[in-house]
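Trainee: Sharing a structure with you now.
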Amino acid sequence: MSAFLVDRESEGFSVAMQLEEKIGLFTSDTAMLELNNCRVPKANLLGQPGKGLRVAYSALLNGRIGIGAGCVGIIEDCLNSVTERSKSRVQHGKPIGKHQLIQRHLANITMNLEMARWPTYIAAAEKIKLDADPENLELRNKVDLQSAIAKRVASKLAYESADLAVQIFGGFGYSLLSPVARHLCDARVARIYEGTDEIMELKIASLVLGKDFEAYN
Ligand SMILES: Cc1cc2nc3c(=O)[nH]c(=O)nc-3n(C[C@H](O)[C@H](O)[C@H](O)COP(=O)(O)OP(=O)(O)OC[C@H]3O[C@@H](n4cnc5c(N)ncnc54)[C@H](O)[C@@H]3O)c2cc1C
């Protein structure tokens, strides 16, 4: 299997379906692409011939770590937004940050940030080692496991944190004019693309149990 760059003007290339009216990621287009008897010049080969799977695989590992990092950013921005809001929004005679249950939400977002950050750092550090030693199968499996854990954990916590942040913002949090509502919409897709929650869990289990136990093929 080899990887190629495909020019969208190539004969046989088409956009089969445009994903319309998405609930988040408003600044990026999403479409299903179809390649039907599409001829690609040799010069468009990406990497070495026969090593395409490695290109795809490496892109997935980087992608999962990147999504983990993006989710850490979402949690961090939720925390900044709710900290500011908790101090400035006054209800029942005091800033909402002085209400104990708001403090609990804020504490949970703070803990989520730490819980999402570390698996993502570990996966990134292991991937740097793998890039320097790409034939090391043991290391590859380790990065596979760590990046699946990072993505699964960080996307779950980002979604939960954005939900808590919307709660702290109250009615305004339900509007896309608030930063936290946009985070809620954007975080949701992190549990779908580059490997769904379910596939990440099956991957984690099979990497622990061994290849004979792969349940997602
Ligand atoms: C905004 C957006 C951007 C995207 N960008 C890209 C991109 O840049 N490149 C790209 O290649 N793709 C991209 N995707 C596609 C994305 O990776 C897929 O949507 C995702 O992998 C799920 O595949 P699916 O939609 O076909 O769902 P399905 O495969 O139909 O899955 C439906 C449900 O069944 C579960 N399921 C499926 N198979 C199994 C199994 N074997 N065991 C257990 N559960 C299973 C899934 O986890 C899910 O819950 C994007 C999607 C979105 C929404």
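Chain identifiers are assigned as A, B, and so on, following the order in which chains appear in the structure tokens; residues are numbered from 1 within each chain, and ligands are numbered from 1 in order of appearance.
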Residues of chain A that have any atom at most 8 Å from an atom of ligand 1: could you tabulate them with the shortest-distance atom pair and the distance in Å to one decimal, using only C-alpha atoms and all ligand atoms, ordered by chain and increasing number, as a tab-separated table?
Mentor:
```
residue	atom	partner	partner_atom_place_in_ligand_line	distance
A:Leu19	CA	ligand 1	53 (C)	7.7
A:Lys22	CA	ligand 1	1 (C)	7.3
A:Gly24	CA	ligand 1	1 (C)	7.7
A:Leu25	CA	ligand 1	1 (C)	6.5
A:Ser28	CA	ligand 1	1 (C)	7.8
A:Asp29	CA	ligand 1	1 (C)	7.8
A:Thr30	CA	ligand 1	3 (C)	5.4
A:Ala31	CA	ligand 1	4 (C)	7.7
A:Met32	CA	ligand 1	12 (N)	8.0
A:Val189	CA	ligand 1	53 (C)	6.0
A:Ile192	CA	ligand 1	20 (C)	5.3
A:Tyr193	CA	ligand 1	17 (O)	3.8
A:Glu194	CA	ligand 1	17 (O)	4.8
A:Gly195	CA	ligand 1	21 (O)	4.9
A:Thr196	CA	ligand 1	47 (O)	4.7
A:Asp197	CA	ligand 1	47 (O)	6.1
A:Glu198	CA	ligand 1	47 (O)	4.5
A:Ile199	CA	ligand 1	47 (O)	5.6
A:Leu202	CA	ligand 1	42 (N)	7.3
A:Ala215	CA	ligand 1	41 (N)	6.8
A:Tyr216	CA	ligand 1	41 (N)	3.8
A:Asn217	CA	ligand 1	41 (N)	5.9
```
Trainee: Filtering to N, CA and C atoms, could you give me those residues as a tab-separated table (two decimals), in the first residue's frame?
Mentor:
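Result file is out-v7.tsv:
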```tsv
chain	number	residue	atom	x	y	z
A	19	LEU	N	-20.87	17.49	4.60
A	19	LEU	CA	-21.57	17.41	5.90
A	19	LEU	C	-22.12	18.80	6.23
A	22	LYS	N	-23.36	21.44	10.54
A	22	LYS	CA	-22.67	20.80	11.67
A	22	LYS	C	-23.01	21.55	12.96
A	24	GLY	N	-20.82	22.08	15.30
A	24	GLY	CA	-19.60	22.76	15.77
A	24	GLY	C	-18.58	22.82	14.64
A	25	LEU	N	-17.34	23.18	14.98
A	25	LEU	CA	-16.26	23.30	13.98
A	25	LEU	C	-16.71	24.14	12.78
A	28	SER	N	-14.37	25.02	9.68
A	28	SER	CA	-13.77	24.04	8.76
A	28	SER	C	-14.85	23.30	7.99
A	29	ASP	N	-14.56	23.05	6.72
A	29	ASP	CA	-15.47	22.29	5.86
A	29	ASP	C	-15.26	20.81	6.08
A	30	THR	N	-16.31	20.02	6.06
A	30	THR	CA	-16.17	18.57	6.19
A	30	THR	C	-16.91	17.90	5.04
A	31	ALA	N	-16.24	17.01	4.34
A	31	ALA	CA	-16.87	16.35	3.20
A	31	ALA	C	-16.36	14.92	3.05
A	32	MET	N	-17.16	14.08	2.42
A	32	MET	CA	-16.72	12.73	2.10
A	32	MET	C	-16.16	12.75	0.67
A	189	VAL	N	-17.13	16.63	18.89
A	189	VAL	CA	-16.63	15.86	17.74
A	189	VAL	C	-15.30	15.17	18.05
A	192	ILE	N	-15.48	11.65	18.32
A	192	ILE	CA	-15.87	10.91	17.11
A	192	ILE	C	-14.70	10.76	16.13
A	193	TYR	N	-14.08	11.91	15.76
A	193	TYR	CA	-13.08	11.77	14.67
A	193	TYR	C	-11.71	11.29	15.18
A	194	GLU	N	-10.93	10.82	14.22
A	194	GLU	CA	-9.61	10.18	14.50
A	194	GLU	C	-9.76	8.94	15.39
A	195	GLY	N	-10.92	8.30	15.34
A	195	GLY	CA	-11.17	7.12	16.17
A	195	GLY	C	-12.18	7.45	17.25
A	196	THR	N	-13.35	6.81	17.16
A	196	THR	CA	-14.43	7.10	18.12
A	196	THR	C	-14.07	6.61	19.53
A	197	ASP	N	-14.87	7.05	20.50
A	197	ASP	CA	-14.70	6.55	21.88
A	197	ASP	C	-14.63	5.02	21.90
A	198	GLU	N	-15.57	4.42	21.16
A	198	GLU	CA	-15.68	2.95	21.20
A	198	GLU	C	-14.42	2.30	20.65
A	199	ILE	N	-13.96	2.82	19.50
A	199	ILE	CA	-12.76	2.24	18.88
A	199	ILE	C	-11.53	2.46	19.77
A	202	LEU	N	-11.68	-0.15	22.49
A	202	LEU	CA	-11.32	-1.49	21.98
A	202	LEU	C	-9.81	-1.58	21.71
A	215	ALA	N	-10.89	-6.59	18.81
A	215	ALA	CA	-12.34	-6.80	18.63
A	215	ALA	C	-12.94	-5.83	17.62
A	216	TYR	N	-12.12	-4.97	17.02
A	216	TYR	CA	-12.71	-3.94	16.14
A	216	TYR	C	-12.51	-4.23	14.67
A	217	ASN	N	-11.90	-5.39	14.32
A	217	ASN	CA	-11.69	-5.69	12.90
A	217	ASN	C	-12.87	-6.47	12.32
```
Trainee: Which residues, written as a tab-separated table (two decimals) with N, CA, C and O atoms, in the first residue's frame, have at least one atom at most 9 Å from Leu157 (chain A), with only C-alpha atoms counted and residues fewer than 6 positions away on the same chain left out?
Mentor:
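Generated file (around.tsv):
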```
chain	number	residue	atom	x	y	z
A	71	CYS	N	-8.00	19.39	23.15
A	71	CYS	CA	-8.98	19.26	24.24
A	71	CYS	C	-8.44	19.87	25.53
A	71	CYS	O	-9.19	20.48	26.30
A	72	VAL	N	-7.14	19.72	25.77
A	72	VAL	CA	-6.53	20.38	26.93
A	72	VAL	C	-6.74	21.90	26.80
A	72	VAL	O	-7.11	22.57	27.77
A	75	ILE	N	-10.28	22.82	27.73
A	75	ILE	CA	-10.51	22.82	29.19
A	75	ILE	C	-9.88	24.07	29.81
A	75	ILE	O	-10.48	24.73	30.67
A	109	ILE	N	-13.51	21.34	36.88
A	109	ILE	CA	-12.85	21.73	35.62
A	109	ILE	C	-11.34	21.81	35.85
A	109	ILE	O	-10.54	21.37	35.01
A	112	ASN	N	-10.04	18.35	35.93
A	112	ASN	CA	-10.08	17.79	34.57
A	112	ASN	C	-8.89	18.24	33.74
A	112	ASN	O	-8.34	17.47	32.95
A	113	LEU	N	-8.51	19.51	33.93
A	113	LEU	CA	-7.37	20.04	33.17
A	113	LEU	C	-6.11	19.22	33.46
A	113	LEU	O	-5.40	18.80	32.55
A	115	MET	N	-6.00	16.17	34.69
A	115	MET	CA	-6.18	14.76	34.28
A	115	MET	C	-6.06	14.59	32.76
A	115	MET	O	-5.71	13.51	32.28
A	116	ALA	N	-6.37	15.65	32.00
A	116	ALA	CA	-6.26	15.56	30.54
A	116	ALA	C	-4.84	15.86	30.08
A	116	ALA	O	-4.35	15.32	29.10
```
Trainee: Per DSSP on the backbone, what are the alpha helix (DSSP H) residues of region 4-196 of chain A, as number ranges by chain?
Mentor: A: 52-88, 100-132, 137-169, 179-189
Trainee: Give the strand (DSSP E) residues of region 10-209 of chain A, as DSSP finds them on the backbone, and put them as a VMD selection string.
Mentor: chain A and resid 13 to 18 31 to 35 45 to 46 90 to 91 94 to 95
Trainee: Write out as a PyMOL selection string which residues come within 12 Å of Ala56 (chain A) when counting only C-alpha atoms, dropping same-chain ones fewer than 2 positions away.
Mentor: chain A and resi 1-4+46-47+50-54+58-63+194
Trainee: Please dump the current selection as a compact mmCIF listing (two decimals), in the first residue's frame; keep N, CA and C atoms.
Mentor:
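Printed below is out24.txt as written:
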```txt
# COMPACT_ATOMS: atom_id res chain seq x y z
N MET A 1 0.84 -1.19 0.00
CA MET A 1 0.00 0.00 0.00
C MET A 1 0.89 1.25 0.00
N SER A 2 0.59 2.17 -0.92
CA SER A 2 1.39 3.40 -0.99
C SER A 2 0.50 4.62 -0.78
N ALA A 3 1.09 5.70 -0.30
CA ALA A 3 0.32 6.93 -0.06
C ALA A 3 0.62 7.95 -1.16
N PHE A 4 -0.39 8.69 -1.55
CA PHE A 4 -0.23 9.71 -2.60
C PHE A 4 -0.94 11.00 -2.21
N LEU A 46 3.84 9.84 -1.65
CA LEU A 46 4.16 10.41 -0.33
C LEU A 46 4.95 9.36 0.44
N GLY A 47 6.17 9.65 0.80
CA GLY A 47 7.01 8.64 1.48
C GLY A 47 7.50 7.60 0.47
N GLY A 50 5.11 1.42 -1.13
CA GLY A 50 4.80 0.28 -0.26
C GLY A 50 4.77 0.61 1.22
N LYS A 51 5.02 1.89 1.56
CA LYS A 51 5.05 2.26 2.99
C LYS A 51 3.91 3.23 3.34
N GLY A 52 2.85 3.16 2.56
CA GLY A 52 1.74 4.10 2.76
C GLY A 52 1.02 3.94 4.09
N LEU A 53 0.94 2.67 4.50
CA LEU A 53 0.24 2.41 5.75
C LEU A 53 0.96 3.10 6.91
N ARG A 54 2.30 3.13 6.80
CA ARG A 54 3.07 3.78 7.86
C ARG A 54 2.76 5.29 7.90
N SER A 58 1.12 6.94 11.11
CA SER A 58 1.81 8.02 11.82
C SER A 58 0.90 9.25 11.91
N ALA A 59 0.14 9.50 10.83
CA ALA A 59 -0.79 10.65 10.83
C ALA A 59 -1.86 10.46 11.91
N LEU A 60 -2.31 9.20 12.07
CA LEU A 60 -3.34 8.92 13.09
C LEU A 60 -2.79 9.13 14.50
N LEU A 61 -1.55 8.64 14.72
CA LEU A 61 -0.96 8.83 16.05
C LEU A 61 -0.81 10.31 16.36
N ASN A 62 -0.24 11.05 15.38
CA ASN A 62 -0.10 12.50 15.59
C ASN A 62 -1.46 13.15 15.79
N GLY A 63 -2.43 12.70 14.99
CA GLY A 63 -3.77 13.28 15.06
C GLY A 63 -4.40 13.09 16.43
N GLU A 194 -10.93 10.82 14.22
CA GLU A 194 -9.61 10.18 14.50
C GLU A 194 -9.76 8.94 15.39
```
Trainee: If I take CA of Leu184 (chain A) and CA of Asp163 (chain A), how far is one from the other in Å, to one decimal?
Mentor: 6.1 Å
Trainee: Would you mind listing what lies within 7 Å of region 140-155 of chain A as a ChimeraX atom specification, with only C-alpha atoms counted and same-chain residues fewer than 6 positions away left out?
Mentor: /A:61,64-65,67-68,71-72,116,119-120,123,126-127,130,187,190-191,197,200,204,207
Trainee: Just to be explicit: take each residue in the selection above, keep N, CA, C and O atoms, and write the result as a PDB file, in the first residue's frame.
Mentor:
```
ATOM      1  N   LEU A  61      -1.554   8.643  14.719  1.00  0.00           N
ATOM      2  CA  LEU A  61      -0.957   8.825  16.055  1.00  0.00           C
ATOM      3  C   LEU A  61      -0.813  10.308  16.364  1.00  0.00           C
ATOM      4  O   LEU A  61      -1.217  10.780  17.434  1.00  0.00           O
ATOM      5  N   ARG A  64      -4.242  11.879  16.967  1.00  0.00           N
ATOM      6  CA  ARG A  64      -4.858  11.606  18.282  1.00  0.00           C
ATOM      7  C   ARG A  64      -4.202  12.436  19.375  1.00  0.00           C
ATOM      8  O   ARG A  64      -4.884  12.961  20.263  1.00  0.00           O
ATOM      9  N   ILE A  65      -2.883  12.564  19.303  1.00  0.00           N
ATOM     10  CA  ILE A  65      -2.191  13.385  20.311  1.00  0.00           C
ATOM     11  C   ILE A  65      -2.597  14.852  20.118  1.00  0.00           C
ATOM     12  O   ILE A  65      -2.847  15.579  21.089  1.00  0.00           O
ATOM     13  N   ILE A  67      -5.412  15.974  18.940  1.00  0.00           N
ATOM     14  CA  ILE A  67      -6.779  16.161  19.460  1.00  0.00           C
ATOM     15  C   ILE A  67      -6.738  16.245  20.990  1.00  0.00           C
ATOM     16  O   ILE A  67      -7.409  17.084  21.600  1.00  0.00           O
ATOM     17  N   GLY A  68      -5.925  15.381  21.605  1.00  0.00           N
ATOM     18  CA  GLY A  68      -5.763  15.452  23.070  1.00  0.00           C
ATOM     19  C   GLY A  68      -5.315  16.848  23.478  1.00  0.00           C
ATOM     20  O   GLY A  68      -5.872  17.456  24.403  1.00  0.00           O
ATOM     21  N   CYS A  71      -7.999  19.392  23.149  1.00  0.00           N
ATOM     22  CA  CYS A  71      -8.979  19.257  24.238  1.00  0.00           C
ATOM     23  C   CYS A  71      -8.437  19.869  25.530  1.00  0.00           C
ATOM     24  O   CYS A  71      -9.193  20.479  26.298  1.00  0.00           O
ATOM     25  N   VAL A  72      -7.140  19.720  25.766  1.00  0.00           N
ATOM     26  CA  VAL A  72      -6.528  20.380  26.934  1.00  0.00           C
ATOM     27  C   VAL A  72      -6.740  21.896  26.804  1.00  0.00           C
ATOM     28  O   VAL A  72      -7.107  22.574  27.768  1.00  0.00           O
ATOM     29  N   ALA A 116      -6.375  15.654  32.003  1.00  0.00           N
ATOM     30  CA  ALA A 116      -6.259  15.560  30.539  1.00  0.00           C
ATOM     31  C   ALA A 116      -4.836  15.863  30.082  1.00  0.00           C
ATOM     32  O   ALA A 116      -4.349  15.319  29.097  1.00  0.00           O
ATOM     33  N   PRO A 119      -1.746  12.578  30.417  1.00  0.00           N
ATOM     34  CA  PRO A 119      -1.681  11.528  29.390  1.00  0.00           C
ATOM     35  C   PRO A 119      -1.286  12.079  28.016  1.00  0.00           C
ATOM     36  O   PRO A 119      -0.614  11.404  27.233  1.00  0.00           O
ATOM     37  N   THR A 120      -1.680  13.337  27.752  1.00  0.00           N
ATOM     38  CA  THR A 120      -1.337  13.941  26.461  1.00  0.00           C
ATOM     39  C   THR A 120       0.168  14.215  26.388  1.00  0.00           C
ATOM     40  O   THR A 120       0.815  13.930  25.366  1.00  0.00           O
ATOM     41  N   ALA A 123       1.976  10.839  25.942  1.00  0.00           N
ATOM     42  CA  ALA A 123       1.863  10.340  24.564  1.00  0.00           C
ATOM     43  C   ALA A 123       2.795  11.121  23.636  1.00  0.00           C
ATOM     44  O   ALA A 123       3.476  10.537  22.783  1.00  0.00           O
ATOM     45  N   GLU A 126       6.431  10.101  24.193  1.00  0.00           N
ATOM     46  CA  GLU A 126       6.716   8.766  23.619  1.00  0.00           C
ATOM     47  C   GLU A 126       6.780   8.840  22.090  1.00  0.00           C
ATOM     48  O   GLU A 126       7.572   8.154  21.461  1.00  0.00           O
ATOM     49  N   LYS A 127       5.929   9.691  21.492  1.00  0.00           N
ATOM     50  CA  LYS A 127       5.919   9.818  20.023  1.00  0.00           C
ATOM     51  C   LYS A 127       7.229  10.435  19.532  1.00  0.00           C
ATOM     52  O   LYS A 127       7.752  10.051  18.474  1.00  0.00           O
ATOM     53  N   LEU A 130       9.557   7.656  19.363  1.00  0.00           N
ATOM     54  CA  LEU A 130       9.270   6.770  18.229  1.00  0.00           C
ATOM     55  C   LEU A 130       9.758   7.386  16.912  1.00  0.00           C
ATOM     56  O   LEU A 130      10.256   6.678  16.039  1.00  0.00           O
ATOM     57  N   ALA A 187     -16.011  20.395  21.297  1.00  0.00           N
ATOM     58  CA  ALA A 187     -15.441  19.249  22.031  1.00  0.00           C
ATOM     59  C   ALA A 187     -16.153  17.952  21.657  1.00  0.00           C
ATOM     60  O   ALA A 187     -15.549  16.885  21.673  1.00  0.00           O
ATOM     61  N   ALA A 190     -14.604  15.654  19.081  1.00  0.00           N
ATOM     62  CA  ALA A 190     -13.329  15.018  19.455  1.00  0.00           C
ATOM     63  C   ALA A 190     -13.558  13.595  19.949  1.00  0.00           C
ATOM     64  O   ALA A 190     -12.625  12.800  20.014  1.00  0.00           O
ATOM     65  N   ARG A 191     -14.799  13.271  20.300  1.00  0.00           N
ATOM     66  CA  ARG A 191     -15.112  11.893  20.724  1.00  0.00           C
ATOM     67  C   ARG A 191     -15.508  11.024  19.528  1.00  0.00           C
ATOM     68  O   ARG A 191     -15.847   9.858  19.677  1.00  0.00           O
ATOM     69  N   ASP A 197     -14.867   7.045  20.498  1.00  0.00           N
ATOM     70  CA  ASP A 197     -14.705   6.547  21.885  1.00  0.00           C
ATOM     71  C   ASP A 197     -14.628   5.018  21.899  1.00  0.00           C
ATOM     72  O   ASP A 197     -13.772   4.423  22.559  1.00  0.00           O
ATOM     73  N   MET A 200     -11.457   3.634  20.409  1.00  0.00           N
ATOM     74  CA  MET A 200     -10.318   3.877  21.319  1.00  0.00           C
ATOM     75  C   MET A 200     -10.330   2.869  22.467  1.00  0.00           C
ATOM     76  O   MET A 200      -9.293   2.335  22.860  1.00  0.00           O
ATOM     77  N   ILE A 204      -7.432   0.179  23.232  1.00  0.00           N
ATOM     78  CA  ILE A 204      -6.728   0.133  24.526  1.00  0.00           C
ATOM     79  C   ILE A 204      -6.786  -1.298  25.076  1.00  0.00           C
ATOM     80  O   ILE A 204      -5.761  -1.861  25.479  1.00  0.00           O
ATOM     81  N   LEU A 207      -4.576  -3.692  23.055  1.00  0.00           N
ATOM     82  CA  LEU A 207      -3.137  -3.457  23.267  1.00  0.00           C
ATOM     83  C   LEU A 207      -2.691  -4.015  24.620  1.00  0.00           C
ATOM     84  O   LEU A 207      -1.536  -4.361  24.812  1.00  0.00           O
TER      85      LEU A 207
END
```
Trainee: Using only C-alpha atoms, can you tell me which of A:Asp133, A:Glu11, A:Asp186, A:Glu34 comes closest to Ile74 (chain A)?
Mentor: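 Smallest distance to Ile74 (chain A) is found for A:Asp186.
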Trainee: Smallest atom-to-atom distance to Lys42 (chain A): which of A:Glu138, A:Ser88, A:Lys98, A:Val6, using only C-alpha atoms?
Mentor: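 The shortest atom-to-atom distance to Lys42 (chain A) comes from A:Val6.
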Trainee: Figure out the distance between CA of Ser161 (chain A) and CA of Gly173 (chain A), please, to one decimal in Å.
Mentor: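 Straight-line distance from CA of Gly173 (chain A) to CA of Ser161 (chain A) works out to 12.7 Å.
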